[in-house]
Each structure stands twice: as structure tokens, then as C-alpha cells.
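Source file: work-v6.cif; contents: mmCIF, C-alpha atoms.
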data_model
#
loop_
_atom_site.label_atom_id
_atom_site.label_comp_id
_atom_site.auth_asym_id
_atom_site.auth_seq_id
_atom_site.Cartn_x
_atom_site.Cartn_y
_atom_site.Cartn_z
CA MET A 838 -40.11 52.38 8.12
CA ASN A 839 -40.59 52.64 11.88
CA GLN A 840 -44.02 52.29 13.43
CA PRO A 841 -45.78 55.63 14.00
CA GLY A 842 -46.19 56.79 17.59
CA THR A 843 -49.42 56.97 19.53
CA ILE A 844 -49.03 59.83 22.05
CA ASP A 845 -51.55 62.66 21.47
CA ARG A 846 -49.47 65.76 20.79
CA ARG A 847 -51.97 68.30 22.08
CA GLN A 848 -52.53 66.48 25.36
CA ALA A 849 -48.78 65.92 25.73
CA VAL A 850 -47.87 69.59 25.23
CA ALA A 851 -50.68 70.70 27.54
CA ARG A 852 -49.21 68.45 30.23
CA LEU A 853 -45.67 69.73 29.62
CA VAL A 854 -46.72 73.32 30.38
CA ALA A 855 -49.50 72.63 32.92
CA ASP A 856 -49.53 74.74 36.10
CA ARG A 857 -46.69 76.88 34.81
CA THR A 858 -45.38 79.88 36.66
CA ASP A 859 -43.22 82.77 35.53
CA ASP A 860 -40.22 80.58 36.25
CA LEU A 861 -40.87 78.63 33.03
CA LEU A 862 -39.74 80.10 29.70
CA VAL A 863 -40.88 78.24 26.58
CA VAL A 864 -39.57 78.25 23.02
CA GLY A 865 -41.73 76.60 20.37
CA GLY A 866 -40.15 75.23 17.19
CA LEU A 867 -41.42 76.22 13.76
CA GLY A 868 -44.81 74.86 12.94
CA ALA A 869 -46.95 72.39 14.75
CA ALA A 870 -45.08 72.57 18.06
CA THR A 871 -45.89 76.29 18.21
CA TRP A 872 -49.54 75.60 17.35
CA ASP A 873 -49.62 72.98 20.15
CA LEU A 874 -48.33 75.55 22.63
CA ALA A 875 -50.99 78.01 21.49
CA ALA A 876 -53.65 75.34 21.98
CA ALA A 877 -52.38 74.84 25.53
CA GLY A 878 -52.96 78.55 26.20
CA GLU A 879 -50.87 81.41 24.87
CA HIS A 880 -48.47 82.81 27.47
CA ASP A 881 -46.34 85.96 27.51
CA LEU A 882 -43.30 83.82 28.27
CA ASP A 883 -43.77 81.73 25.12
CA PHE A 884 -41.65 82.45 22.08
CA GLY A 885 -43.20 80.39 19.29
CA LEU A 886 -41.38 80.34 15.96
CA TRP A 887 -43.06 80.81 12.59
CA GLY A 888 -39.69 80.59 10.84
CA ALA A 889 -36.01 80.21 11.75
CA MET A 890 -36.15 76.45 11.10
CA GLY A 891 -33.30 74.68 12.88
CA GLY A 892 -32.85 77.47 15.40
CA ALA A 893 -35.17 76.51 18.25
CA VAL A 894 -32.71 74.71 20.53
CA LEU A 895 -30.08 77.43 20.06
CA ILE A 896 -32.58 80.13 21.00
CA GLY A 897 -33.25 77.99 24.06
CA LEU A 898 -29.54 77.81 24.87
CA GLY A 899 -29.00 81.57 24.64
CA LEU A 900 -32.05 82.13 26.78
CA ALA A 901 -31.02 79.50 29.35
CA MET A 902 -27.57 81.09 29.67
CA ALA A 903 -29.07 84.56 30.08
CA GLN A 904 -31.64 83.38 32.65
CA PRO A 905 -29.90 80.71 34.74
CA ASP A 906 -32.49 80.88 37.52
CA LYS A 907 -35.42 80.08 35.19
CA ARG A 908 -36.37 76.78 33.57
CA VAL A 909 -36.17 76.93 29.78
CA LEU A 910 -38.21 74.40 27.81
CA VAL A 911 -37.87 74.02 24.05
CA VAL A 912 -40.70 72.11 22.37
CA THR A 913 -40.07 71.34 18.73
CA GLY A 914 -40.67 68.77 16.01
CA ASP A 915 -38.46 66.11 14.47
CA GLY A 916 -38.01 67.98 11.18
CA GLU A 917 -37.01 71.21 12.92
CA MET A 918 -34.62 69.32 15.20
CA LEU A 919 -33.05 67.47 12.28
CA MET A 920 -32.17 70.80 10.66
CA GLY A 921 -30.27 71.96 13.74
CA MET A 922 -28.67 68.77 15.03
CA GLY A 923 -25.22 70.35 15.34
CA GLY A 924 -26.72 72.57 17.99
CA LEU A 925 -26.97 69.54 20.28
CA ALA A 926 -23.17 69.35 20.34
CA THR A 927 -23.03 73.08 21.08
CA ILE A 928 -25.49 72.64 23.96
CA ALA A 929 -23.61 69.64 25.33
CA GLN A 930 -20.45 71.74 25.46
CA GLN A 931 -22.23 74.35 27.64
CA GLN A 932 -24.16 71.85 29.80
CA PRO A 933 -26.93 74.31 30.82
CA VAL A 934 -28.57 72.73 33.87
CA ASN A 935 -31.81 74.70 33.32
CA LEU A 936 -32.49 73.68 29.70
CA ALA A 937 -34.87 70.93 28.58
CA ILE A 938 -35.65 69.98 24.99
CA VAL A 939 -38.72 67.97 24.03
CA VAL A 940 -39.00 66.75 20.44
CA LEU A 941 -42.47 65.81 19.22
CA ASP A 942 -41.54 63.07 16.79
CA ASN A 943 -44.20 61.95 14.33
CA GLY A 944 -41.70 60.91 11.69
CA LEU A 945 -43.00 63.34 9.13
CA TYR A 946 -42.99 66.91 7.86
CA GLY A 947 -46.54 67.76 8.82
CA GLU A 948 -46.59 71.36 7.60
CA THR A 949 -45.58 70.48 4.07
CA GLY A 950 -47.72 67.49 3.14
CA GLY A 951 -46.65 64.73 5.48
CA GLN A 952 -43.45 63.62 3.73
CA PRO A 953 -41.57 61.07 5.88
CA SER A 954 -38.70 62.54 7.90
CA HIS A 955 -35.40 60.87 8.63
CA THR A 956 -36.67 59.61 11.98
CA ALA A 957 -39.21 57.49 10.08
CA HIS A 958 -36.24 55.82 8.40
CA GLY A 959 -34.41 55.13 11.63
CA ALA A 960 -32.58 58.33 12.64
CA ASP A 961 -32.65 58.14 16.45
CA LEU A 962 -32.62 61.68 17.83
CA ALA A 963 -32.16 60.59 21.46
CA ALA A 964 -29.13 58.50 20.47
CA ILE A 965 -27.75 61.47 18.54
CA ALA A 966 -28.27 63.75 21.56
CA ARG A 967 -26.57 61.21 23.81
CA GLY A 968 -23.74 60.89 21.33
CA CYS A 969 -23.30 64.67 21.38
CA GLY A 970 -22.84 64.52 25.16
CA LEU A 971 -26.26 65.34 26.57
CA PRO A 972 -26.41 63.41 29.86
CA VAL A 973 -30.17 62.79 29.88
CA ALA A 974 -31.64 61.64 26.57
CA ALA A 975 -34.78 59.52 26.55
CA THR A 976 -37.34 58.28 24.04
CA ILE A 977 -40.86 57.92 25.37
CA ALA A 978 -43.42 56.14 23.20
CA GLU A 979 -46.17 55.26 25.68
CA ASP A 980 -48.79 57.65 26.97
CA GLU A 981 -48.54 55.99 30.41
CA ARG A 982 -44.98 57.34 30.67
CA MET A 983 -46.00 61.00 30.09
CA GLY A 984 -45.58 61.68 33.80
CA GLU A 985 -41.93 60.76 33.44
CA ALA A 986 -41.64 63.06 30.41
CA VAL A 987 -43.17 65.97 32.34
CA SER A 988 -40.84 65.38 35.26
CA LEU A 989 -37.81 65.34 32.96
CA ALA A 990 -38.95 68.46 31.10
CA ARG A 991 -39.82 70.51 34.14
CA GLU A 992 -37.65 69.34 37.00
CA ALA A 993 -34.70 67.12 36.10
CA ARG A 994 -31.21 68.56 36.10
CA GLY A 995 -30.39 69.55 32.53
CA PRO A 996 -29.56 69.60 29.84
CA VAL A 997 -32.44 67.21 29.24
CA PHE A 998 -33.47 65.79 25.88
CA VAL A 999 -36.73 63.87 25.46
CA VAL A 1000 -38.22 62.45 22.29
CA LEU A 1001 -41.97 61.85 22.43
CA LYS A 1002 -43.25 59.43 19.81
CA ILE A 1003 -46.48 61.18 18.88
CA SER A 1004 -49.34 60.13 16.65
CA PRO A 1005 -49.14 61.39 13.03
CA ASP A 1006 -52.64 62.88 13.36
CA THR A 1007 -52.99 66.54 12.47
CA PRO A 1008 -55.11 68.41 15.00
CA PRO A 1009 -56.96 71.62 14.04
CA LEU A 1010 -54.76 74.71 13.63
CA VAL A 1011 -54.56 76.96 16.68
CA LEU A 1012 -52.46 79.98 15.80
CA PRO A 1013 -50.75 82.24 18.34
CA GLU A 1014 -49.51 85.80 17.82
CA ARG A 1015 -47.72 85.97 14.46
CA ASP A 1016 -45.80 89.26 14.61
CA PRO A 1017 -42.28 88.36 15.81
CA VAL A 1018 -41.59 91.86 17.12
CA VAL A 1019 -44.69 91.65 19.30
CA LEU A 1020 -43.68 88.18 20.51
CA LYS A 1021 -40.16 89.39 21.34
CA ASP A 1022 -41.22 92.59 23.08
CA ARG A 1023 -43.98 90.83 25.03
CA PHE A 1024 -41.56 88.15 26.19
CA ARG A 1025 -38.88 90.64 27.27
CA ALA A 1026 -41.39 92.83 29.06
CA ALA A 1027 -42.81 89.84 30.96
CA LEU A 1028 -39.28 88.93 31.98
CA GLY A 1029 -38.41 92.48 32.99
CA ALA A 1030 -35.68 92.51 30.37
CA ALA A 1031 -37.06 95.29 28.18
CA SER A 1032 -34.55 98.06 27.62
CA MET B 491 15.21 101.78 11.12
CA THR B 492 12.51 101.56 13.76
CA GLU B 493 9.25 99.94 12.81
CA THR B 494 6.06 101.28 14.30
CA PRO B 495 4.32 98.29 15.92
CA ASP B 496 0.77 97.58 14.78
CA PRO B 497 -1.83 98.59 17.34
CA ASP B 498 -3.10 95.64 19.33
CA TRP B 499 -6.41 95.66 17.49
CA PRO B 500 -7.88 92.49 19.09
CA ALA B 501 -7.33 94.08 22.52
CA ALA B 502 -9.04 97.26 21.32
CA ILE B 503 -12.01 95.20 20.12
CA PHE B 504 -12.09 93.32 23.42
CA ASP B 505 -12.21 96.62 25.33
CA ALA B 506 -15.09 97.77 23.14
CA LEU B 507 -16.99 94.51 23.76
CA THR B 508 -16.44 94.85 27.50
CA ALA B 509 -17.78 98.40 27.45
CA LEU B 510 -20.83 97.15 25.52
CA ASP B 511 -21.51 94.61 28.32
CA ILE B 512 -21.21 91.65 25.97
CA ARG B 513 -21.82 88.38 27.88
CA GLN B 514 -22.13 85.61 25.27
CA VAL B 515 -19.32 85.27 22.75
CA ALA B 516 -20.35 82.80 20.05
CA TYR B 517 -17.84 81.76 17.44
CA VAL B 518 -16.68 79.40 14.79
CA PRO B 519 -12.91 79.57 15.09
CA ASP B 520 -10.84 81.65 12.72
CA ALA B 521 -7.15 82.41 12.95
CA GLY B 522 -7.91 86.11 12.69
CA HIS B 523 -10.12 85.93 15.78
CA ALA B 524 -7.77 83.72 17.81
CA ARG B 525 -6.43 86.43 20.11
CA LEU B 526 -9.86 88.00 20.67
CA ILE B 527 -11.28 84.57 21.55
CA GLU B 528 -8.46 84.09 24.09
CA LEU B 529 -9.11 87.50 25.65
CA CYS B 530 -12.85 86.85 25.91
CA GLY B 531 -12.25 83.37 27.33
CA ALA B 532 -10.17 84.86 30.13
CA GLU B 533 -12.87 87.42 31.03
CA PRO B 534 -15.13 86.13 33.83
CA THR B 535 -18.17 88.13 32.70
CA MET B 536 -18.09 86.53 29.25
CA THR B 537 -18.96 82.97 28.21
CA LEU B 538 -17.48 81.48 25.09
CA VAL B 539 -19.92 79.45 22.98
CA PRO B 540 -18.16 77.48 20.26
CA LEU B 541 -20.60 76.65 17.45
CA THR B 542 -20.68 73.84 14.93
CA THR B 543 -21.93 76.25 12.26
CA GLU B 544 -22.35 80.00 12.17
CA GLU B 545 -26.14 80.22 11.89
CA GLU B 546 -26.38 78.68 15.34
CA GLY B 547 -24.89 81.92 16.63
CA VAL B 548 -27.64 84.10 15.18
CA ALA B 549 -30.29 81.97 16.92
CA LEU B 550 -28.27 81.75 20.15
CA LEU B 551 -27.92 85.52 20.39
CA ALA B 552 -31.63 86.00 19.71
CA GLY B 553 -32.25 83.79 22.73
CA ALA B 554 -29.71 85.76 24.75
CA TRP B 555 -31.49 89.01 23.90
CA LEU B 556 -34.86 87.50 24.80
CA GLY B 557 -33.32 86.79 28.20
CA GLY B 558 -31.82 90.26 28.57
CA GLU B 559 -28.20 89.58 27.65
CA ARG B 560 -26.02 90.90 24.87
CA GLY B 561 -23.72 88.79 22.76
CA VAL B 562 -21.45 88.91 19.75
CA LEU B 563 -20.89 86.45 16.90
CA LEU B 564 -17.33 85.98 15.65
CA MET B 565 -16.84 84.27 12.32
CA GLN B 566 -14.91 84.18 9.09
CA SER B 567 -16.40 85.54 5.86
CA SER B 568 -16.96 82.00 4.54
CA GLY B 569 -19.36 81.39 7.44
CA VAL B 570 -21.59 84.34 6.59
CA GLY B 571 -23.09 82.32 3.76
CA ASN B 572 -24.35 79.78 6.30
CA CYS B 573 -26.41 82.42 8.11
CA ALA B 574 -28.94 83.73 5.61
CA ASN B 575 -32.15 82.13 6.91
CA GLN B 576 -31.37 82.92 10.55
CA LEU B 577 -30.53 86.50 9.53
CA ALA B 578 -34.02 86.65 8.01
CA PHE B 579 -35.35 85.66 11.43
CA ALA B 580 -33.29 88.31 13.22
CA ARG B 581 -34.47 90.90 10.72
CA ALA B 582 -38.15 89.94 10.90
CA ALA B 583 -38.16 90.00 14.70
CA ARG B 584 -35.80 93.00 14.87
CA PHE B 585 -33.31 91.23 17.08
CA PRO B 586 -30.08 93.19 17.47
CA LEU B 587 -27.06 91.35 16.08
CA LEU B 588 -23.45 92.43 16.41
CA THR B 589 -21.12 90.24 14.39
CA LEU B 590 -17.42 90.59 13.69
CA VAL B 591 -16.27 88.98 10.46
CA THR B 592 -12.65 88.31 9.57
CA MET B 593 -12.30 88.61 5.83
CA ARG B 594 -10.87 86.11 3.40
CA GLY B 595 -10.97 86.37 -0.34
CA GLU B 596 -9.53 89.86 -0.62
CA ALA B 597 -6.09 91.50 -0.62
CA ALA B 598 -3.53 88.87 -1.64
CA GLU B 599 -5.72 85.82 -1.01
CA LYS B 600 -4.07 82.72 -2.40
CA ASN B 601 -7.01 80.32 -2.01
CA PRO B 602 -9.51 80.67 -4.87
CA TRP B 603 -12.18 78.82 -2.85
CA GLN B 604 -12.38 81.83 -0.51
CA ILE B 605 -12.98 84.49 -3.13
CA PRO B 606 -16.71 84.20 -4.02
CA MET B 607 -17.92 84.28 -0.42
CA GLY B 608 -15.44 87.03 0.44
CA GLN B 609 -16.86 89.16 -2.35
CA ALA B 610 -20.45 88.40 -1.29
CA THR B 611 -20.01 89.00 2.46
CA GLY B 612 -20.93 92.68 2.67
CA PRO B 613 -23.71 92.48 0.04
CA LEU B 614 -25.23 89.46 1.79
CA PHE B 615 -25.71 91.38 5.05
CA GLU B 616 -27.21 94.26 3.07
CA THR B 617 -29.50 91.89 1.14
CA MET B 618 -30.77 90.53 4.46
CA GLY B 619 -31.59 94.01 5.71
CA GLY B 620 -28.47 94.47 7.78
CA GLU B 621 -25.50 96.77 7.53
CA ALA B 622 -21.82 96.04 6.90
CA ARG B 623 -19.09 98.34 8.16
CA ARG B 624 -15.37 97.81 7.63
CA ILE B 625 -12.15 97.97 9.57
CA ASP B 626 -9.45 98.68 6.98
CA ALA B 627 -6.84 99.95 9.41
CA ALA B 628 -5.99 98.40 12.77
CA VAL B 629 -6.18 101.73 14.53
CA ASP B 630 -9.91 101.97 13.71
CA ALA B 631 -10.83 98.61 15.26
CA GLY B 632 -11.93 99.73 18.72
CA PRO B 633 -14.00 102.77 17.72
CA THR B 634 -15.64 100.93 14.81
CA VAL B 635 -16.78 98.02 17.01
CA ALA B 636 -17.95 100.38 19.76
CA ALA B 637 -20.09 102.36 17.30
CA ALA B 638 -21.40 99.21 15.60
CA GLY B 639 -22.46 97.76 18.95
CA GLN B 640 -24.26 100.94 19.93
CA ALA B 641 -26.06 100.92 16.59
CA ALA B 642 -27.02 97.23 16.83
CA PHE B 643 -28.27 97.24 20.41
CA GLY B 644 -29.63 100.76 20.32
CA SER B 645 -31.77 100.35 17.23
CA ASP B 646 -32.42 96.58 17.11
CA ALA B 647 -30.36 96.22 13.94
CA ILE B 648 -28.08 93.70 12.28
CA VAL B 649 -24.65 95.31 12.15
CA ALA B 650 -21.65 93.41 10.82
CA VAL B 651 -18.09 94.66 11.12
CA LEU B 652 -15.85 93.25 8.41
CA ILE B 653 -12.19 93.15 9.42
CA ALA B 654 -10.06 93.54 6.31
CA GLN B 655 -7.55 90.90 5.37
CA ASP B 656 -4.91 93.63 5.30
CA VAL B 657 -5.49 94.10 9.04
CA ILE B 658 -5.42 90.39 9.86
CA GLY B 659 -2.65 89.37 7.49
CA VAL B 660 -2.87 87.06 4.51
CA LYS B 661 -2.75 83.32 5.15
CA SER B 662 0.41 81.73 3.88
CA PHE B 663 0.29 78.42 2.02
CA GLU B 664 4.07 78.03 1.88
CA ALA B 665 4.71 74.32 2.02
CA ALA B 666 7.62 73.03 4.03
CA GLN B 667 10.40 72.16 1.61
#
Full structure transcribed into C-alpha cells:
Amino acid sequence: MNQPGTIDRRQAVARLVADRTDDLLVVGGLGAATWDLAAAGEHDLDFGLWGAMGGAVLIGLGLAMAQPDKRVLVVTGDGEMLMGMGGLATIAQQQPVNLAIVVLDNGLYGETGGQPSHTAHGADLAAIARGCGLPVAATIAEDERMGEAVSLAREARGPVFVVLKISPDTPPLVLPERDPVVLKDRFRAALGAAS
Amino acid sequence: MTETPDPDWPAAIFDALTALDIRQVAYVPDAGHARLIELCGAEPTMTLVPLTTEEEGVALLAGAWLGGERGVLLMQSSGVGNCANQLAFARAARFPLLTLVTMRGEAAEKNPWQIPMGQATGPLFETMGGEARRIDAAVDAGPTVAAAGQAAFGSDAIVAVLIAQDVIGVKSFEAAQ
């Protein structure tokens, strides 16, 4: 099995969304990625998933197409990404310049007891993304390179795909709003999209 | 003897989608949707989004709605079975979903592999808290899609329109001799 990563997930996610403005729209993948976003400070323009496993990057694509002048950042985990890998080919076909995907890869299913995921056995999500046709696909394993990760996630021409090799530690739960209708309506209202 | 030509039902559906201000057209290809996909692809206000599997479309269109755009998901009945968990998401969050489903597994279907999912298509949408309407005659295509779209986007509902195999035509498996 591959060596576990060392990047602190909470610090990494806090840096990814630091100093955000209303020009940044964030989708959190089911589970720990959504808790990490909540820990960084809940925002009206966050849509954190408590279900819909495998759907995070597609939600990001639909949002990026609908809001081409905003930056869309999807933060998700390796297990969630593995369930929706075909979506990377769908995204590559659209080439949304305003979409960035960051996968927090700890090589395990943290919400369900820490069972090893496929990335622990060698599945290389950045290589898969590159193979699907995403032009920027990087794996970052060192905390010293977090500045590069932030720059890719926030500024680089998309579609951008970044795998962060995070520590398998489980930080304390920080739960955001749970009602999906509230999350949806709050997001649309903040965007001025409410009908 | 003069035959009455079938109404151009894909064009009628396209007109209904245009009137609904549909912008994202997600699909897994199906022969029955081929002409509608061509029409949407030629329309500058619409973007085609080919999917690798149908459930991607449910998530994509949730994202579109979050961003203030409307979309439609085109698929064959066999693809509806791929969508259940993402339909649960759409239902829980009350995302509107308009989907047009070309039916297999009914009428004179000659492929037994298509029959179970064809029979389960309407009940599956209902099980997931959505609604399934039908187009059994080509002449009804435009009005049915227009009404389904108004229902979906007006009341944040999952509304599927099932296009009967009699409307589309039954796939032939005649082998070249």
C-alpha cells in the first residue's frame, strides 16, 4: 500500500478558501470535505453535500457552466471522487475554464470506519484526470507546496484538478447546515438566482 | 392512398424546451433522441453535455439550477436505473428535474434485456418521489413537455416524460443476409 500523506486537511481547506469573495462558489463532497469547509467558516456560497456520493464534480460543472464569470471550486474526498470518475471525462469534454477540483486524498473511507480506498492501492486520480483530458492535473504531497495548490485552485485557467495527499487523521466533526433545501435556497439567494 | 405524415415530434419538443429557456442539455445518446440532440446542438443558447452515465446528469442539472440555469436530461429507459441515488438527492433538496426518457422494453420490443428496466421506468420515478408522464402519440409531444417543464421548474419537482416506443419506432434487429 502507498504511504499515507502528511498535509493537514483542515489547514489545507482553510487556505483554499481564505480571503474569499462572492466570486468564489464552493461545492463540498459528501462527508469530511464538507465538514472541513464548515470548519473553515460556513459561507452562503457553499453547497456542502451530505449525500449524492459521486455527484460533487458534476454539480460543480453545472454550476460553472451557469456562472461562467465566477470561480467554482469543488473540494471532495478520494472515495467520493472514485464513485464519479466518469464525470472527469464529461468535464474534460466541456473544458470549463472557471472550474477547479481539489481531491483530499487520505487513501481511506473515513466516514465508514477507515477502510482503505483504491488510491491506497495505487489508483492515481491525477493520472486518471489527465487521461480523461483535463489539462492541469497535479498531485501535491508536501505542505510546503500548498501555495501552489491554492494558486491552482483559485487562479489557474481551468479545468484544474489537484490531488492533495492529506494525513489520515480524523479531526473533530464540524457540521454545517444539514437541510438541503435551506442550503440550496441560501446559495441561490446569495447568487441572486432565486426565482 | 395518401399517408398522413407523422408530426415532427422532436421539433415540437425542441420548441417546448426553447420556450422553457433550457440552457444545458445533458444526455446519454439514444437513437430516439438523435434528432432532438441535433436540434439542441444547433441552438446557440443551448449547450450539449454528453455524459458517461445518466446519474451524472441529475447532479449536473442540480448544479445548473444552483447557478440559475435550467436544463434537461435526455436518456433511454435503461439509463433510469442508473439514477436512483442522485434522484434521492434531487428529491431531498427539492431540485427541479425535467427528464425526457425514450422507452424500450414495450410495444414490440425484440430485445429481452430491455424489458425489466422498461417496465420499472415509471414506477422508479414514482418510488423516488417524482412523477412520470407519457407521450403515447406524437401529436402530444410538444404540449406534454411544455406542461412537464412548467411543473418541474414551477414547483421544484422531478418530472419525467416517457416517450412511448410506438412514437419512436421499434428497433429492428434484422441481420443482413
Can you spell out as a list in words the set of residues that the PyMOL selection byres ((chain B) within 7 of (chain A)) selects in the structure I just provided? Pro540, Leu541, Thr542, Glu546, Ala549, Leu550, Leu551, Ala552, Gly553, Ala554, Leu556, Gly557, Gly558, Glu559, Asn575, Gln576, Phe579, Ala582, Ala583 and Arg584 of chain B
Set the distance at 9 Å and use only C-alpha atoms: which residues neighbour Val570 (chain B) once local chain neighbours fewer than 2 positions away are removed? I'd like the list as a PyMOL selection string. chain B and resi 544-545+565-568+572-574+591+607+610-611+614-615
Ala654 (chain B) environment, 7 Å, all atoms listed in the file, sequence neighbours closer than 6 positions dropped, as a list of chain:residue names: B:Thr592, B:Met593, B:Arg624, B:Ile625, B:Asp626
So what do you get for CA of Pro841 (chain A) versus CA of Leu910 (chain A), distance-wise?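 Those two atoms sit 24.5 Å apart.
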Give as a PyMOL selection string the residues that the PyMOL selection byres ((chain A and resi 971) around 10) matches when applied to the coordinates above. chain A and resi 925-926+928-933+963-970+972-974+995-998
Reference answer for the PyMOL selection byres ((chain A and resi 844) around 12), as a PDB file with C-alpha atoms, in the coordinates of the input:
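Listing of result.pdb after writing:
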ATOM      1  CA  PRO A 841     -45.780  55.630  14.000  1.00  0.00           C
ATOM      2  CA  GLY A 842     -46.190  56.790  17.590  1.00  0.00           C
ATOM      3  CA  THR A 843     -49.420  56.970  19.530  1.00  0.00           C
ATOM      4  CA  ASP A 845     -51.550  62.660  21.470  1.00  0.00           C
ATOM      5  CA  ARG A 846     -49.470  65.760  20.790  1.00  0.00           C
ATOM      6  CA  ARG A 847     -51.970  68.300  22.080  1.00  0.00           C
ATOM      7  CA  GLN A 848     -52.530  66.480  25.360  1.00  0.00           C
ATOM      8  CA  ALA A 849     -48.780  65.920  25.730  1.00  0.00           C
ATOM      9  CA  VAL A 850     -47.870  69.590  25.230  1.00  0.00           C
ATOM     10  CA  ARG A 852     -49.210  68.450  30.230  1.00  0.00           C
ATOM     11  CA  LEU A 941     -42.470  65.810  19.220  1.00  0.00           C
ATOM     12  CA  ASP A 942     -41.540  63.070  16.790  1.00  0.00           C
ATOM     13  CA  ASN A 943     -44.200  61.950  14.330  1.00  0.00           C
ATOM     14  CA  THR A 976     -37.340  58.280  24.040  1.00  0.00           C
ATOM     15  CA  ILE A 977     -40.860  57.920  25.370  1.00  0.00           C
ATOM     16  CA  ALA A 978     -43.420  56.140  23.200  1.00  0.00           C
ATOM     17  CA  GLU A 979     -46.170  55.260  25.680  1.00  0.00           C
ATOM     18  CA  ASP A 980     -48.790  57.650  26.970  1.00  0.00           C
ATOM     19  CA  GLU A 981     -48.540  55.990  30.410  1.00  0.00           C
ATOM     20  CA  ARG A 982     -44.980  57.340  30.670  1.00  0.00           C
ATOM     21  CA  MET A 983     -46.000  61.000  30.090  1.00  0.00           C
ATOM     22  CA  ALA A 986     -41.640  63.060  30.410  1.00  0.00           C
ATOM     23  CA  VAL A1000     -38.220  62.450  22.290  1.00  0.00           C
ATOM     24  CA  LEU A1001     -41.970  61.850  22.430  1.00  0.00           C
ATOM     25  CA  LYS A1002     -43.250  59.430  19.810  1.00  0.00           C
ATOM     26  CA  ILE A1003     -46.480  61.180  18.880  1.00  0.00           C
ATOM     27  CA  SER A1004     -49.340  60.130  16.650  1.00  0.00           C
ATOM     28  CA  PRO A1005     -49.140  61.390  13.030  1.00  0.00           C
ATOM     29  CA  ASP A1006     -52.640  62.880  13.360  1.00  0.00           C
TER      30      ASP A1006
END
Suppose you want the space between CA of Arg560 (chain B) and CA of Ile512 (chain B); what is it in Å? 5.0 Å
Point-to-point distance in Å for CA of Gly914 (chain A) and CA of Val940 (chain A): 5.1 Å
